[in-house]
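Colleague: One structure, as structure tokens, below. Some questions next.
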Amino acid sequence: MDANEINELRDAIKASPENIPLRKYLAKSLIKLKRFEEAELEYKNALKFAPNDNALKLGLCQAFCEQEKTSLGLVIIEELIEQSAPPASAWIIYARLLMQSKNAKGAKEAYENGIALDENLKDAFLESQINLSYQKDEQPEPAKIKLGGFNGDDEDERLIEIERPEITFEDVGGMDAIKEEIRMKIIHPLNHPELYKMYGKKIGGGLLMYGPPGCGKTHLARATAGQVNANFISVGISDILDMYLGQSERNLHSIFQRARDMKPCVLFFDEVDALGANRSDMRQSAGRHLINQFLAEMDGVEYDNDGVLILAATNAPWHLDGAFRRPGRFDRILFVPPPDDLARAAVLKIQLEGKPVEDIQYEKVVKKTQEYSGADIKALVDIAIESKLDEAIRSGKPIPIGTKDLVQATKKHGPTTKEWFLTAKNYALFANEGGLYDDVLKYLKIKK
């Protein structure tokens with residue numbers, strides 16, 4: 001409908017001001033043309049002649065919602081949904097207004113009520129907004145570790161969150177062999193403590209994961225904690241290192257001690273090679289002291305580590321001090337390769353969840369993403385989304401992502417794991433004491 005047709009409708013209404021169907025048609029046309037202020041005025045004028053017309057009230061709510069006049073819209077829509085049989089579209093508009101007022105829980109309930117009445121009203125974009133906001137709102141405020149200050153009394157400004165992850169191994173696609181190793185080392189001892197104690201095996205210990213970046217080591221560690229319903233503490237290098245002499249060791253001890261107090265607890269060290277670098281490469285004694293403290297905490301000689309599960313991840317295991325690989329420390333070392341076909345398909349589905357998509361041919365995309373890490377796949381989805389955003393903005397509605405968009409994205413972003421394997425291959429061939437990197441050779445299909 002163009003401007004001339006709108007003017008013709010206005011002229012017709014002047015000739016017949018009480019013609020409610022004609023007024024509705026004009027207001028709806030203005031909504032479609034995104035002339036929301038004019039639509040609001042037309043709905044208000046129509047309501048003067050038909051104050052009890054629910055369709056007019058619903059249209060006015062939509063005009064308010066589009067202009068983010070949230071309070072005005074909520075007053076009217078709440079009156080409508082309190083009626084005995086409100087229309088399904090009223091619940092959808094109510095959900096949008098509740099999202100504007102940052103009430104994700106109420107919006108989720110309203111949206112589900114509307115879809116239950118009419119599935120044709122499904123809105124993928126609104127649904128994804130609700131789900132993302134709802135999940136964020138539902139997460140409890142995490143406990144935190146306050147690190148000790150330099151003088152031993154004050155508290156450091158740094159806080160480390162203590163999580164209770166809800167994800168489990170079911171949320172991790174593929175990696176079946178790695179999951180089984182973790183079950184044997186960590187999960188079975190927690191589920192069968194009496195049996196392990198009969199054999200003199202402690203519940204706890206260390207497990208080191210290594211492999212190219214972006215392949216899900218952190219995600220797997222968090223899922224491990226969720227699998228056994230344990231607390232989860234993720235520690236990075238910035239959480240430990242301090243400029244003052246001896247403070248880094250105290251920070252490390254504080255974190256280990258809190259993990260012992262909250263067992264069962266999974267203590268996860270990301271980029272552990274930065275904290276436990278080979279002491280023979282160090283010029284300063286401060287780094288050696290920190291490693292010695294780390295080893296002492298893991299040994300559990302002075303403290304009971306029973307029930308503390310220590311996981312660590314590194315992209316450069318060849319830089320880690322050899323002492324960490326002795327029995328009782330990181331005595332299980334797992335290679336985490338790029339995700340296999342099954343895992344890549346799972347990562348794709350997770351990344352596309354809640355987004356407007358067509359029927360994706362996952363097999364076709366999987367074939368195009370050999371050697372891609374999980375982070376690479378996320379980058380592909382981001383590129384595909386960016387290719388659709390401009391079109392969506394112009395049309396005013398979400399444009400679904402298709403198989404072709406994802407395949408096209410592979411031409412702009414290749415696998416980032418290749419560089420890592422070039423380095424790892426050299427260590428696996430020429431510095432493979434004790435067969436530490438045999439899994440790398442197996443993955444690369446290189447015979448020793």
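Convention: chains lettered A, B, ... in structure tokens order; per-chain residue numbering from 1; ligands numbered from 1 as shown.
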Out of range 216-254 of chain A, which residues get strand (DSSP E or B) from DSSP, as an NGL selection string?
Modeller: :A and (231-235)
Colleague: Write out as a short mmCIF file (atom, residue, chain, number, x, y, z; two decimals) with N, CA and C atoms, in the first residue's frame which residues come within 12 Å of Cys65 in chain A when counting only C-alpha atoms, dropping same-chain ones fewer than 4 positions away.
Modeller:
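This is the output file around.cif:
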data_model
loop_
_atom_site.label_atom_id
_atom_site.label_comp_id
_atom_site.auth_asym_id
_atom_site.auth_seq_id
_atom_site.Cartn_x
_atom_site.Cartn_y
_atom_site.Cartn_z
N ILE A 31 0.57 -0.01 10.47
CA ILE A 31 1.49 -0.89 11.21
C ILE A 31 2.43 -1.58 10.23
N PHE A 36 4.13 3.73 13.08
CA PHE A 36 3.51 3.30 14.33
C PHE A 36 2.80 4.43 15.08
N GLU A 37 3.34 5.64 15.05
CA GLU A 37 2.69 6.77 15.73
C GLU A 37 1.33 7.07 15.10
N ALA A 39 -0.46 4.88 13.46
CA ALA A 39 -1.33 3.74 13.77
C ALA A 39 -1.90 3.89 15.17
N GLU A 40 -1.07 4.30 16.12
CA GLU A 40 -1.54 4.52 17.49
C GLU A 40 -2.70 5.52 17.51
N LEU A 58 -6.03 -4.58 21.08
CA LEU A 58 -4.85 -5.39 20.76
C LEU A 58 -3.96 -4.66 19.75
N GLY A 59 -4.58 -4.03 18.77
CA GLY A 59 -3.82 -3.27 17.79
C GLY A 59 -3.09 -2.10 18.43
N LEU A 60 -3.76 -1.42 19.36
CA LEU A 60 -3.13 -0.30 20.06
C LEU A 60 -1.93 -0.79 20.88
N CYS A 61 -2.08 -1.97 21.51
CA CYS A 61 -0.96 -2.56 22.27
C CYS A 61 0.23 -2.82 21.36
N LYS A 69 6.62 1.87 24.14
CA LYS A 69 5.82 2.52 25.18
C LYS A 69 5.28 1.40 26.07
N THR A 70 6.21 0.80 26.79
CA THR A 70 5.94 -0.47 27.48
C THR A 70 4.86 -0.36 28.53
N SER A 71 4.93 0.64 29.39
CA SER A 71 3.97 0.78 30.48
C SER A 71 2.55 0.93 29.96
N LEU A 72 2.38 1.77 28.93
CA LEU A 72 1.04 1.97 28.34
C LEU A 72 0.52 0.67 27.75
N GLY A 73 1.40 -0.07 27.07
CA GLY A 73 0.99 -1.33 26.48
C GLY A 73 0.60 -2.36 27.52
N LEU A 74 1.36 -2.44 28.61
CA LEU A 74 1.09 -3.43 29.65
C LEU A 74 -0.26 -3.19 30.33
N VAL A 75 -0.63 -1.94 30.53
CA VAL A 75 -1.91 -1.62 31.18
C VAL A 75 -3.07 -2.22 30.39
N ILE A 76 -3.00 -2.08 29.06
CA ILE A 76 -4.10 -2.57 28.22
C ILE A 76 -4.04 -4.08 28.05
N ILE A 77 -2.84 -4.61 27.78
CA ILE A 77 -2.72 -6.04 27.48
C ILE A 77 -3.04 -6.90 28.71
N ALA A 90 -2.59 -12.01 21.78
CA ALA A 90 -2.46 -11.15 22.97
C ALA A 90 -1.32 -11.64 23.85
N ILE A 92 1.35 -13.23 22.82
CA ILE A 92 2.63 -12.95 22.16
C ILE A 92 3.04 -11.49 22.37
N ILE A 93 2.08 -10.58 22.20
CA ILE A 93 2.38 -9.16 22.43
C ILE A 93 2.74 -8.93 23.90
N TYR A 94 2.03 -9.62 24.79
CA TYR A 94 2.34 -9.53 26.23
C TYR A 94 3.78 -9.99 26.49
N ALA A 95 4.20 -11.07 25.82
CA ALA A 95 5.57 -11.58 25.99
C ALA A 95 6.59 -10.54 25.52
N ARG A 96 6.32 -9.88 24.41
CA ARG A 96 7.23 -8.85 23.91
C ARG A 96 7.33 -7.66 24.86
N LEU A 97 6.19 -7.27 25.41
CA LEU A 97 6.19 -6.15 26.36
C LEU A 97 6.93 -6.52 27.65
N LEU A 98 6.76 -7.76 28.10
CA LEU A 98 7.47 -8.21 29.30
C LEU A 98 8.97 -8.27 29.07
N MET A 99 9.38 -8.64 27.86
CA MET A 99 10.81 -8.63 27.54
C MET A 99 11.36 -7.21 27.59
N GLN A 100 10.56 -6.24 27.12
CA GLN A 100 10.99 -4.84 27.18
C GLN A 100 11.15 -4.37 28.62
N SER A 101 10.35 -4.94 29.53
CA SER A 101 10.45 -4.57 30.94
C SER A 101 11.40 -5.48 31.70
#
Colleague: Ranking A:Leu380, A:Ala116, A:Cys265, A:Leu220 by minimum distance to Leu190 in chain A and counting only C-alpha atoms, which one comes first?
Modeller: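 Ranked by minimum distance to Leu190 in chain A, first place goes to A:Cys265.
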Colleague: Which parts of range 69-232 of chain A does DSSP call alpha helix (DSSP H) when run on the backbone here, written out as number ranges by chain?
Modeller: A: 70-81, 88-100, 104-117, 124-138, 176-182, 188-191, 193-198, 217-227
Colleague: Please identify all polymer residues within 10 Å of Leu348 in chain A, counting only C-alpha atoms, omitting same-chain residues fewer than 6 positions from it, and present them as a PDB file with C-alpha atoms, in the first residue's frame.
Modeller:
ATOM      1  CA  ILE A 360      20.284 -27.350   7.738  1.00  0.00           C
ATOM      2  CA  TYR A 362      24.485 -30.860   8.802  1.00  0.00           C
ATOM      3  CA  VAL A 365      28.598 -28.665   6.572  1.00  0.00           C
ATOM      4  CA  VAL A 366      30.453 -31.305   8.602  1.00  0.00           C
ATOM      5  CA  GLY A 374      34.710 -25.789  18.270  1.00  0.00           C
ATOM      6  CA  ILE A 377      32.658 -23.531  14.108  1.00  0.00           C
ATOM      7  CA  LYS A 378      31.378 -20.716  16.305  1.00  0.00           C
ATOM      8  CA  LEU A 380      31.524 -19.842  10.990  1.00  0.00           C
ATOM      9  CA  VAL A 381      28.103 -19.308  12.529  1.00  0.00           C
ATOM     10  CA  LEU A 406      27.496 -21.947   6.426  1.00  0.00           C
TER      11      LEU A 406
END
Colleague: Could you name the residues that touch Lys44 in chain A at 10 Å or less, counting only C-alpha atoms, but leaving out those on the same chain fewer than 3 positions away, as a list of chain:residue names?
Modeller: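 The residues that qualify are A:Ala27, A:Glu38, A:Ala39, A:Glu40, A:Leu41, A:Leu47, A:Lys48, A:Phe49, A:Ala50, A:Pro51, A:Leu56, A:Lys57, A:Gly59, A:Leu60.
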Colleague: Can you pull out the residues contacting range 338-345 of chain A? Cut-off 9 Å, using only C-alpha atoms, and skip same-chain residues under 2 positions away; I want them as a ChimeraX atom specification.
Modeller: /A:172-175,211-216,336,347-350,362-363,365-367,369-374,377,417
